[in-house]
file model_10.cif (mmCIF, C-alpha atoms and all ligand atoms)
data_data
#
loop_
_atom_site.label_atom_id
_atom_site.label_comp_id
_atom_site.auth_asym_id
_atom_site.auth_seq_id
_atom_site.Cartn_x
_atom_site.Cartn_y
_atom_site.Cartn_z
CA MET A 1 -62.59 -116.32 9.74
CA GLY A 2 -65.56 -114.61 8.09
CA ASN A 3 -68.68 -112.87 9.20
CA PRO A 4 -69.88 -114.72 12.29
CA ASP A 5 -73.49 -114.40 11.30
CA PRO A 6 -74.33 -114.32 7.62
CA THR A 7 -77.68 -112.67 8.32
CA ILE A 8 -75.98 -109.63 9.81
CA THR A 9 -74.09 -107.16 7.67
CA LEU A 10 -70.91 -106.07 9.35
CA SER A 11 -69.07 -102.99 8.31
CA ALA A 12 -65.38 -103.59 8.67
CA THR A 13 -63.55 -100.32 8.73
CA THR A 14 -61.72 -100.50 12.04
CA GLU A 15 -58.01 -101.15 11.48
CA PRO A 16 -57.13 -104.83 11.60
CA GLN A 17 -55.07 -105.67 14.66
CA LYS A 18 -52.65 -108.43 15.35
CA LYS A 19 -54.03 -111.14 17.63
CA SER A 20 -57.41 -109.52 17.51
CA CYS A 21 -59.17 -112.79 18.33
CA CYS A 22 -58.06 -112.27 21.88
CA ALA A 23 -57.45 -108.60 22.26
CA PRO A 24 -58.91 -106.02 19.92
CA GLN A 25 -57.03 -102.81 20.55
CA ALA A 26 -59.07 -99.75 21.10
CA ARG A 27 -57.54 -96.38 21.53
CA SER A 28 -54.50 -94.26 21.31
CA GLU A 29 -54.59 -91.28 23.64
CA PRO A 30 -53.98 -92.20 27.24
CA ILE A 31 -56.20 -90.55 29.82
CA ILE A 32 -55.27 -91.49 33.33
CA THR A 33 -56.97 -90.04 36.34
CA ALA A 34 -56.07 -90.97 39.85
CA PRO A 35 -59.05 -91.82 42.05
CA PRO A 36 -59.35 -90.15 45.45
CA ALA A 37 -57.23 -91.97 47.97
CA GLN A 38 -58.94 -93.99 50.66
CA SER A 39 -57.34 -95.60 53.65
CA GLU A 40 -56.45 -99.19 52.97
CA SER A 41 -58.28 -100.60 55.95
CA SER A 42 -61.64 -98.99 55.18
CA ALA A 43 -61.45 -100.14 51.56
CA ARG A 44 -60.64 -103.64 52.68
CA ILE A 45 -63.56 -103.80 55.06
CA ALA A 46 -66.02 -102.51 52.47
CA LEU A 47 -64.78 -104.91 49.82
CA GLU A 48 -64.17 -107.96 52.00
CA LEU A 49 -60.95 -108.65 50.17
CA ASP A 50 -60.24 -112.35 50.06
CA MET A 51 -56.57 -113.00 49.33
CA VAL A 52 -54.40 -116.09 49.49
CA ALA A 53 -50.83 -115.84 50.83
CA LEU A 54 -48.33 -117.73 48.70
CA PRO A 55 -44.78 -118.57 49.76
CA GLY A 56 -43.03 -117.85 46.45
CA GLY A 57 -39.74 -119.62 45.77
CA MET A 58 -38.47 -121.11 42.56
CA PHE A 59 -40.80 -122.33 39.83
CA LEU A 60 -40.58 -123.23 36.16
CA MET A 61 -42.22 -120.46 34.16
CA GLY A 62 -43.27 -120.62 30.50
CA THR A 63 -43.64 -123.63 28.26
CA ASP A 64 -42.15 -125.36 25.26
CA TYR A 65 -45.58 -126.78 24.40
CA GLU A 66 -45.64 -127.66 20.72
CA PHE A 67 -49.13 -126.26 20.13
CA GLY A 68 -48.38 -122.90 21.75
CA PHE A 69 -47.82 -119.66 19.83
CA PRO A 70 -44.13 -118.89 19.22
CA ASP A 71 -44.95 -115.21 18.62
CA ASP A 72 -46.50 -114.94 22.08
CA GLY A 73 -43.14 -115.60 23.76
CA GLU A 74 -44.39 -118.45 25.95
CA GLY A 75 -41.03 -120.20 25.94
CA PRO A 76 -38.52 -121.28 26.78
CA VAL A 77 -39.17 -122.88 30.16
CA ARG A 78 -37.02 -121.06 32.70
CA GLU A 79 -36.39 -121.02 36.45
CA VAL A 80 -37.92 -117.96 38.09
CA GLN A 81 -37.61 -117.00 41.75
CA LEU A 82 -40.39 -115.11 43.56
CA SER A 83 -40.70 -113.48 46.97
CA PRO A 84 -43.80 -114.31 49.04
CA PHE A 85 -46.93 -112.40 48.00
CA LEU A 86 -50.71 -112.39 48.29
CA ILE A 87 -53.18 -112.71 45.44
CA ASP A 88 -56.97 -112.41 45.20
CA ARG A 89 -58.81 -115.69 45.43
CA HIS A 90 -61.20 -114.52 42.69
CA THR A 91 -61.17 -112.00 39.90
CA VAL A 92 -62.60 -108.63 40.96
CA THR A 93 -66.39 -108.86 40.74
CA ASN A 94 -69.01 -106.39 39.54
CA SER A 95 -70.11 -105.95 43.11
CA GLN A 96 -66.58 -105.04 44.29
CA PHE A 97 -66.01 -102.68 41.39
CA GLU A 98 -69.35 -101.01 42.06
CA LYS A 99 -68.24 -100.23 45.63
CA PHE A 100 -65.08 -98.64 44.28
CA VAL A 101 -67.00 -96.50 41.80
CA THR A 102 -69.63 -95.51 44.37
CA ALA A 103 -66.93 -94.44 46.82
CA THR A 104 -64.73 -92.57 44.34
CA GLY A 105 -66.89 -91.52 41.39
CA TYR A 106 -64.29 -93.08 39.12
CA SER A 107 -65.02 -93.14 35.37
CA THR A 108 -63.56 -96.00 33.37
CA ASP A 109 -61.78 -95.57 30.05
CA ALA A 110 -64.80 -97.14 28.28
CA GLU A 111 -67.07 -94.53 29.89
CA ARG A 112 -64.74 -91.67 28.92
CA PHE A 113 -64.31 -92.90 25.35
CA GLY A 114 -68.00 -93.70 25.07
CA TRP A 115 -67.68 -97.24 23.79
CA SER A 116 -66.10 -100.65 24.31
CA PHE A 117 -65.66 -103.95 22.45
CA VAL A 118 -68.47 -106.51 22.84
CA PHE A 119 -68.42 -110.02 21.37
CA TRP A 120 -71.02 -110.14 18.60
CA ALA A 121 -73.18 -112.90 20.12
CA GLN A 122 -73.62 -110.87 23.30
CA VAL A 123 -75.39 -108.11 21.36
CA PRO A 124 -79.13 -108.81 21.06
CA ARG A 125 -79.68 -109.89 17.47
CA GLU A 126 -82.72 -107.68 16.90
CA ARG A 127 -80.81 -104.59 18.03
CA PHE A 128 -77.51 -105.41 16.33
CA GLN A 129 -77.66 -102.74 13.62
CA GLN A 130 -78.75 -100.13 16.14
CA LEU A 131 -76.13 -100.90 18.80
CA VAL A 132 -73.03 -101.77 16.81
CA ALA A 133 -71.11 -98.81 15.39
CA ASP A 134 -68.32 -100.79 13.78
CA THR A 135 -66.47 -104.09 13.81
CA VAL A 136 -62.82 -105.10 13.68
CA ALA A 137 -61.87 -106.06 10.12
CA ALA A 138 -59.55 -108.90 11.06
CA ALA A 139 -61.92 -110.17 13.75
CA PRO A 140 -65.48 -109.16 12.84
CA TRP A 141 -66.86 -110.82 15.97
CA TRP A 142 -65.52 -107.84 17.93
CA CYS A 143 -68.11 -105.06 17.84
CA LYS A 144 -67.52 -101.46 18.80
CA VAL A 145 -70.60 -100.72 20.91
CA PRO A 146 -71.27 -97.14 22.06
CA GLY A 147 -72.46 -97.18 25.67
CA ALA A 148 -70.93 -100.57 26.49
CA THR A 149 -69.41 -100.24 29.97
CA TRP A 150 -68.87 -102.40 33.04
CA ARG A 151 -72.43 -101.50 34.10
CA GLN A 152 -73.87 -102.31 30.65
CA PRO A 153 -71.68 -105.18 29.50
CA ALA A 154 -73.63 -105.84 26.29
CA GLY A 155 -74.33 -102.14 25.62
CA PRO A 156 -77.41 -99.98 26.30
CA GLY A 157 -80.29 -102.02 27.67
CA SER A 158 -78.05 -104.58 29.39
CA SER A 159 -77.11 -104.56 33.06
CA ILE A 160 -75.09 -106.32 35.75
CA GLN A 161 -78.19 -107.37 37.63
CA LYS A 162 -77.82 -111.02 38.66
CA ARG A 163 -74.14 -110.73 37.72
CA GLU A 164 -72.89 -109.39 41.03
CA ARG A 165 -70.39 -112.21 41.38
CA HIS A 166 -69.31 -112.22 37.76
CA PRO A 167 -65.94 -110.67 36.98
CA VAL A 168 -66.11 -106.98 36.14
CA VAL A 169 -65.41 -106.50 32.41
CA HIS A 170 -64.92 -103.51 30.11
CA VAL A 171 -62.15 -102.41 32.44
CA SER A 172 -58.88 -101.24 30.94
CA TRP A 173 -55.47 -101.76 32.50
CA ASN A 174 -55.66 -98.13 33.67
CA ASP A 175 -58.99 -98.86 35.38
CA ALA A 176 -57.60 -101.98 37.04
CA GLN A 177 -54.66 -99.96 38.27
CA ALA A 178 -56.97 -97.28 39.69
CA TYR A 179 -59.00 -99.91 41.55
CA CYS A 180 -55.84 -101.48 42.98
CA SER A 181 -54.48 -98.21 44.23
CA TRP A 182 -57.76 -97.51 46.01
CA THR A 183 -57.78 -100.89 47.77
CA GLY A 184 -54.08 -100.73 48.63
CA GLN A 185 -53.34 -103.62 46.32
CA ARG A 186 -51.50 -103.82 42.99
CA LEU A 187 -51.72 -105.92 39.84
CA PRO A 188 -49.77 -109.18 39.93
CA THR A 189 -46.66 -109.46 37.78
CA GLU A 190 -46.96 -112.03 35.03
CA ALA A 191 -44.57 -114.29 36.93
CA GLU A 192 -46.67 -114.05 40.11
CA TRP A 193 -49.85 -114.69 38.14
CA GLU A 194 -48.43 -117.76 36.43
CA TYR A 195 -46.91 -119.16 39.61
CA ALA A 196 -50.30 -118.72 41.33
CA ALA A 197 -52.20 -120.28 38.41
CA ARG A 198 -49.94 -123.33 38.41
CA GLY A 199 -51.05 -124.11 41.95
CA GLY A 200 -47.79 -125.87 42.83
CA LEU A 201 -47.92 -128.24 39.85
CA VAL A 202 -44.80 -128.40 37.70
CA GLN A 203 -45.12 -127.71 33.97
CA LYS A 204 -48.75 -128.71 33.59
CA LEU A 205 -50.95 -127.14 30.94
CA TYR A 206 -53.82 -126.15 33.23
CA PRO A 207 -54.20 -125.12 36.87
CA TRP A 208 -55.36 -128.68 37.69
CA GLY A 209 -53.14 -130.81 35.41
CA ASP A 210 -52.66 -131.74 31.77
CA LYS A 211 -56.17 -132.99 30.90
CA LEU A 212 -58.62 -130.31 29.84
CA ARG A 213 -61.60 -132.26 31.18
CA PRO A 214 -60.54 -134.78 33.81
CA ASP A 215 -63.21 -137.53 33.91
CA GLY A 216 -65.25 -135.49 31.44
CA GLU A 217 -65.69 -132.68 33.97
CA HIS A 218 -65.45 -129.06 32.80
CA ARG A 219 -62.95 -127.18 34.92
CA CYS A 220 -63.09 -123.73 33.33
CA ASN A 221 -65.33 -121.48 31.27
CA ILE A 222 -64.14 -121.58 27.65
CA TRP A 223 -65.80 -122.03 24.24
CA GLN A 224 -67.38 -125.30 23.14
CA GLY A 225 -68.68 -125.63 19.60
CA GLU A 226 -67.42 -123.89 16.52
CA PHE A 227 -65.85 -120.48 17.06
CA PRO A 228 -67.23 -117.86 16.47
CA ASN A 229 -70.64 -119.05 15.32
CA VAL A 230 -71.77 -121.98 17.42
CA ASN A 231 -71.38 -121.86 21.17
CA THR A 232 -72.92 -124.98 22.71
CA ALA A 233 -72.11 -123.73 26.24
CA GLU A 234 -71.55 -127.34 27.28
CA ASP A 235 -69.63 -126.08 30.31
CA GLY A 236 -72.78 -124.27 31.44
CA TYR A 237 -71.89 -120.78 30.24
CA ALA A 238 -71.98 -118.94 26.93
CA GLU A 239 -70.64 -115.74 28.48
CA THR A 240 -68.96 -114.91 31.79
CA CYS A 241 -69.83 -116.98 34.85
CA PRO A 242 -69.60 -116.32 38.59
CA THR A 243 -65.98 -116.19 39.69
CA ASP A 244 -66.33 -119.37 41.76
CA ALA A 245 -68.41 -121.40 39.30
CA PHE A 246 -65.66 -124.00 38.85
CA SER A 247 -63.47 -125.61 41.46
CA SER A 248 -60.30 -123.87 42.62
CA ASN A 249 -56.73 -124.97 42.04
CA SER A 250 -54.76 -126.40 44.93
CA TYR A 251 -53.79 -122.91 46.12
CA GLY A 252 -57.51 -122.15 46.53
CA LEU A 253 -57.56 -119.77 43.54
CA TYR A 254 -60.59 -119.70 41.27
CA SER A 255 -60.96 -119.20 37.56
CA MET A 256 -57.27 -118.84 36.77
CA THR A 257 -57.98 -119.97 33.22
CA GLY A 258 -61.08 -119.23 31.16
CA ASN A 259 -63.92 -116.83 32.03
CA THR A 260 -62.00 -113.56 31.48
CA TRP A 261 -58.49 -112.56 30.53
CA GLU A 262 -56.71 -110.95 33.47
CA TRP A 263 -54.48 -107.89 33.30
CA CYS A 264 -50.97 -108.17 34.71
CA ALA A 265 -48.62 -105.39 35.75
CA ASP A 266 -45.96 -106.05 33.09
CA TRP A 267 -45.44 -104.47 29.71
CA PHE A 268 -45.66 -107.17 27.06
CA SER A 269 -42.59 -108.31 25.18
CA LYS A 270 -42.15 -111.56 23.34
CA ASP A 271 -38.43 -111.77 24.07
CA PHE A 272 -37.52 -109.58 27.06
CA HIS A 273 -37.58 -112.63 29.33
CA LEU A 274 -34.87 -114.36 27.29
CA THR A 275 -32.26 -112.09 28.84
CA GLY A 276 -34.24 -110.28 31.56
CA PRO A 277 -34.03 -110.85 35.32
CA ARG A 278 -35.17 -114.20 36.74
CA ILE A 279 -35.69 -113.00 40.28
CA ASN A 280 -39.04 -111.23 40.79
CA PRO A 281 -39.20 -110.29 37.09
CA HIS A 282 -41.52 -107.41 36.12
CA GLY A 283 -41.07 -107.29 32.37
CA PRO A 284 -39.51 -104.46 30.38
CA GLU A 285 -39.39 -100.82 31.55
CA HIS A 286 -41.45 -99.57 28.61
CA GLY A 287 -43.87 -100.97 26.11
CA GLU A 288 -47.03 -100.41 24.14
CA ALA A 289 -49.24 -103.13 25.50
CA LYS A 290 -49.73 -104.87 28.83
CA VAL A 291 -49.66 -108.61 29.46
CA MET A 292 -52.93 -110.48 29.87
CA LYS A 293 -53.14 -114.05 31.16
CA GLY A 294 -55.61 -116.90 31.49
CA GLY A 295 -57.78 -116.83 28.37
CA SER A 296 -61.51 -116.24 28.36
CA PHE A 297 -64.94 -117.73 27.71
CA LEU A 298 -64.20 -117.17 24.01
CA CYS A 299 -61.06 -119.29 23.77
CA HIS A 300 -61.21 -122.54 21.79
CA LYS A 301 -58.42 -124.82 20.69
CA SER A 302 -59.35 -124.37 17.02
CA TYR A 303 -58.56 -120.69 17.16
CA CYS A 304 -57.00 -119.49 20.38
CA ASN A 305 -55.55 -122.19 22.58
CA ARG A 306 -54.46 -119.72 25.24
CA TYR A 307 -56.54 -121.00 28.18
CA ARG A 308 -53.32 -122.51 29.55
CA VAL A 309 -51.29 -121.28 32.50
CA ALA A 310 -48.37 -120.34 30.21
CA GLY A 311 -50.65 -118.72 27.62
CA ARG A 312 -50.31 -114.96 27.26
CA THR A 313 -51.53 -112.14 25.12
CA GLN A 314 -51.45 -108.35 25.19
CA ASN A 315 -53.53 -105.24 24.80
CA THR A 316 -52.97 -101.49 25.11
CA PRO A 317 -53.54 -100.08 28.61
CA ASP A 318 -56.65 -98.11 27.62
CA SER A 319 -58.41 -100.94 25.75
CA SER A 320 -61.42 -102.71 27.20
CA THR A 321 -63.54 -105.65 26.11
CA SER A 322 -66.38 -107.85 27.34
CA HIS A 323 -63.91 -110.66 28.11
CA THR A 324 -61.16 -108.92 30.09
CA GLY A 325 -61.03 -108.43 33.85
CA PHE A 326 -58.38 -108.62 36.57
CA ARG A 327 -57.44 -109.72 40.05
CA CYS A 328 -55.13 -107.98 42.49
CA ALA A 329 -52.00 -108.90 44.40
CA LYS A 330 -50.05 -107.43 47.30
CA ASN A 331 -46.61 -107.74 48.82
CA ALA A 332 -46.50 -110.15 51.76
CU CU B 1 -58.43 -116.57 23.34
#
call {"tool": "encode", "arguments": {"input": "model_10.cif", "output": "structure tokens"}}
result
Amino acid sequence: MGNPDPTITLSATTEPQKKSCCAPQARSEPIITAPPAQSESSARIALELDMVALPGGMFLMGTDYEFGFPDDGEGPVREVQLSPFLIDRHTVTNSQFEKFVTATGYSTDAERFGWSFVFWAQVPRERFQQLVADTVAAAPWWCKVPGATWRQPAGPGSSIQKRERHPVVHVSWNDAQAYCSWTGQRLPTEAEWEYAARGGLVQKLYPWGDKLRPDGEHRCNIWQGEFPNVNTAEDGYAETCPTDAFSSNSYGLYSMTGNTWEWCADWFSKDFHLTGPRINPHGPEHGEAKVMKGGSFLCHKSYCNRYRVAGRTQNTPDSSTSHTGFRCAKNA
């Protein structure tokens, strides 16, 4: 795929990355700081955590879907057993993350590194040359924008005003982990996430069934038009949308596919699950990148058909983008 906008000259010196349509990888040196501890109950009250308790049990994880991505390790379908757990009804919002930062003074990886990845069409066209420091060679729609953070999702001059209920973005896996430890929660394992997204349905593509748009109705925030140039926003949104903009699945969980990718606890491997445990699996002990699930507002079947419950991708734990967020889980 070429330059997304022929009128804009993109420099392309950042190293090309595998699967960069979904997950441009940012950085190498890990910087992890633990936020000040807060008692679980006071965090919960301040944040009004809204979690759904799920019974667990056996489910069929993964897919043998013929249009999936063999390199992603989506298959084969296997029986996985889970203990009961709780999971957030929505992805963590800007307003929740702001409470965490206000209480702890936490700085995100994007803030410490001084930049984050923004999708090209989110950068105001007239300020493109000024704001964009670099682009990803293999995926020139990913722009390295100095000053892009969760508070300034499109870089300097942008804000989260009127986006209080949108998912927080430009948060790395490390940042998500820090938030979870403050609230007394944790990130879901990939198996928990997928079980939750399936909403009790067996081997369906989406959280609501096999049809992307039942009766013509949009059920998630993904790309319509021609990626990466023409976004018709037929579903109502060209970028992120409020976490409850579309109806929930039958477990009462919102936005399990589309809107933003969601970090999971597990290290990514495309084949660990072939021989790994099938009871409460957590992925391999070590890895380079963490699992992300659910797809985002940028996914389109022509390019990245990963807005399916079995879809998965990966990114390094200190990377952040304008289309990645998270939700939290907890032991029952
Ligand atoms: Cu995608």
call {"tool": "residues_around", "arguments": {"input": "model_10.cif", "residues": "stretch 264-272 of chain A", "least_positions_apart": "6", "cutoff": "8 Å", "atoms": "all atoms listed in the file", "output": "number ranges by chain"}}
result
A: 71-74, 186-190, 193, 282-293, 313-314, 326
call {"tool": "residues_near_ligand", "arguments": {"input": "model_10.cif", "ligand": "ligand CU 1 (chain B)", "cutoff": "8 Å", "atoms": "only C-alpha atoms and all ligand atoms", "output": "MDAnalysis selection string"}}
result
chainID A and resid 21:22 295:300 303:307
call {"tool": "atom_distance", "arguments": {"input": "model_10.cif", "atom1": "atom CA of A:Ile222", "atom2": "atom CA of A:Trp150"}}
result
20.5 Å
call {"tool": "atom_distance", "arguments": {"input": "model_10.cif", "atom1": "atom CA of A:Asp88", "atom2": "atom CA of A:Asn259"}}
result
15.5 Å
call {"tool": "atom_distance", "arguments": {"input": "model_10.cif", "atom1": "atom CA of A:Glu98", "atom2": "atom CA of A:Val309"}}
result
28.8 Å
call {"tool": "residues_around", "arguments": {"input": "model_10.cif", "residues": "A:Leu253", "least_positions_apart": "4", "cutoff": "9 Å", "atoms": "only C-alpha atoms", "output": "ChimeraX atom specification"}}
result
/A:51-52,87-90,196-197,199,244,247-249
call {"tool": "residues_around", "arguments": {"input": "model_10.cif", "residues": "A:Pro76", "least_positions_apart": "2", "cutoff": "7 Å", "atoms": "only C-alpha atoms", "output": "count of residues only"}}
result
5
call {"tool": "decode", "arguments": {"input": "model_10.cif", "residues": "stretch 253-330 of chain A", "atoms": "C-alpha atoms", "output": "tab-separated table (two decimals), in the first residue's frame"}}
result
chain	number	residue	atom	x	y	z
A	253	LEU	CA	-19.90	-6.46	27.25
A	254	TYR	CA	-19.42	-3.53	24.91
A	255	SER	CA	-17.09	-2.95	22.01
A	256	MET	CA	-15.36	-6.33	22.13
A	257	THR	CA	-14.51	-5.94	18.45
A	258	GLY	CA	-13.63	-2.73	16.62
A	259	ASN	CA	-12.99	0.70	18.16
A	260	THR	CA	-9.59	-0.08	19.72
A	261	TRP	CA	-7.32	-3.08	20.01
A	262	GLU	CA	-7.17	-4.31	23.59
A	263	TRP	CA	-4.05	-5.45	25.42
A	264	CYS	CA	-4.08	-8.90	27.00
A	265	ALA	CA	-1.81	-10.27	29.71
A	266	ASP	CA	-0.16	-12.96	27.56
A	267	TRP	CA	3.09	-12.89	25.64
A	268	PHE	CA	2.35	-13.49	21.98
A	269	SER	CA	3.32	-16.73	20.30
A	270	LYS	CA	1.88	-18.14	17.13
A	271	ASP	CA	2.32	-21.74	18.22
A	272	PHE	CA	2.67	-21.97	22.01
A	273	HIS	CA	-1.01	-22.92	22.30
A	274	LEU	CA	-0.51	-26.00	20.11
A	275	THR	CA	1.14	-27.79	23.02
A	276	GLY	CA	0.54	-25.38	25.93
A	277	PRO	CA	-1.92	-25.83	28.80
A	278	ARG	CA	-5.65	-25.83	28.05
A	279	ILE	CA	-6.78	-25.02	31.56
A	280	ASN	CA	-6.58	-21.30	32.38
A	281	PRO	CA	-3.85	-20.78	29.75
A	282	HIS	CA	-1.68	-17.65	30.09
A	283	GLY	CA	0.59	-17.97	27.09
A	284	PRO	CA	4.36	-18.53	27.16
A	285	GLU	CA	6.62	-17.52	30.07
A	286	HIS	CA	8.66	-15.12	27.94
A	287	GLY	CA	8.26	-13.21	24.73
A	288	GLU	CA	8.92	-10.01	22.87
A	289	ALA	CA	5.42	-8.79	22.23
A	290	LYS	CA	2.09	-8.93	24.02
A	291	VAL	CA	-1.20	-10.19	22.60
A	292	MET	CA	-3.79	-7.68	21.44
A	293	LYS	CA	-7.38	-8.63	20.61
A	294	GLY	CA	-10.48	-7.19	18.99
A	295	GLY	CA	-9.31	-5.06	16.08
A	296	SER	CA	-9.86	-1.33	15.79
A	297	PHE	CA	-11.62	1.46	13.91
A	298	LEU	CA	-8.93	1.00	11.23
A	299	CYS	CA	-9.63	-2.64	10.41
A	300	HIS	CA	-11.14	-3.49	7.03
A	301	LYS	CA	-11.59	-6.83	5.35
A	302	SER	CA	-9.47	-5.74	2.38
A	303	TYR	CA	-6.42	-5.34	4.56
A	304	CYS	CA	-6.82	-6.50	8.12
A	305	ASN	CA	-9.76	-8.76	8.78
A	306	ARG	CA	-8.97	-9.06	12.47
A	307	TYR	CA	-12.16	-7.55	13.92
A	308	ARG	CA	-13.23	-11.10	14.79
A	309	VAL	CA	-13.32	-12.69	18.22
A	310	ALA	CA	-10.53	-15.13	17.26
A	311	GLY	CA	-8.44	-12.41	15.59
A	312	ARG	CA	-5.18	-11.54	17.32
A	313	THR	CA	-2.11	-9.45	16.82
A	314	GLN	CA	0.87	-8.33	18.88
A	315	ASN	CA	2.96	-5.38	19.85
A	316	THR	CA	5.91	-4.73	22.17
A	317	PRO	CA	4.95	-3.80	25.75
A	318	ASP	CA	6.20	-0.21	25.46
A	319	SER	CA	4.51	0.59	22.13
A	320	SER	CA	1.50	2.86	21.93
A	321	THR	CA	-0.80	3.98	19.14
A	322	SER	CA	-4.00	5.95	18.57
A	323	HIS	CA	-5.96	2.71	18.12
A	324	THR	CA	-4.92	0.62	21.14
A	325	GLY	CA	-6.56	0.58	24.55
A	326	PHE	CA	-7.49	-2.05	27.15
A	327	ARG	CA	-10.01	-3.35	29.63
A	328	CYS	CA	-9.34	-5.03	32.95
A	329	ALA	CA	-10.26	-8.32	34.56
A	330	LYS	CA	-10.16	-9.76	38.06
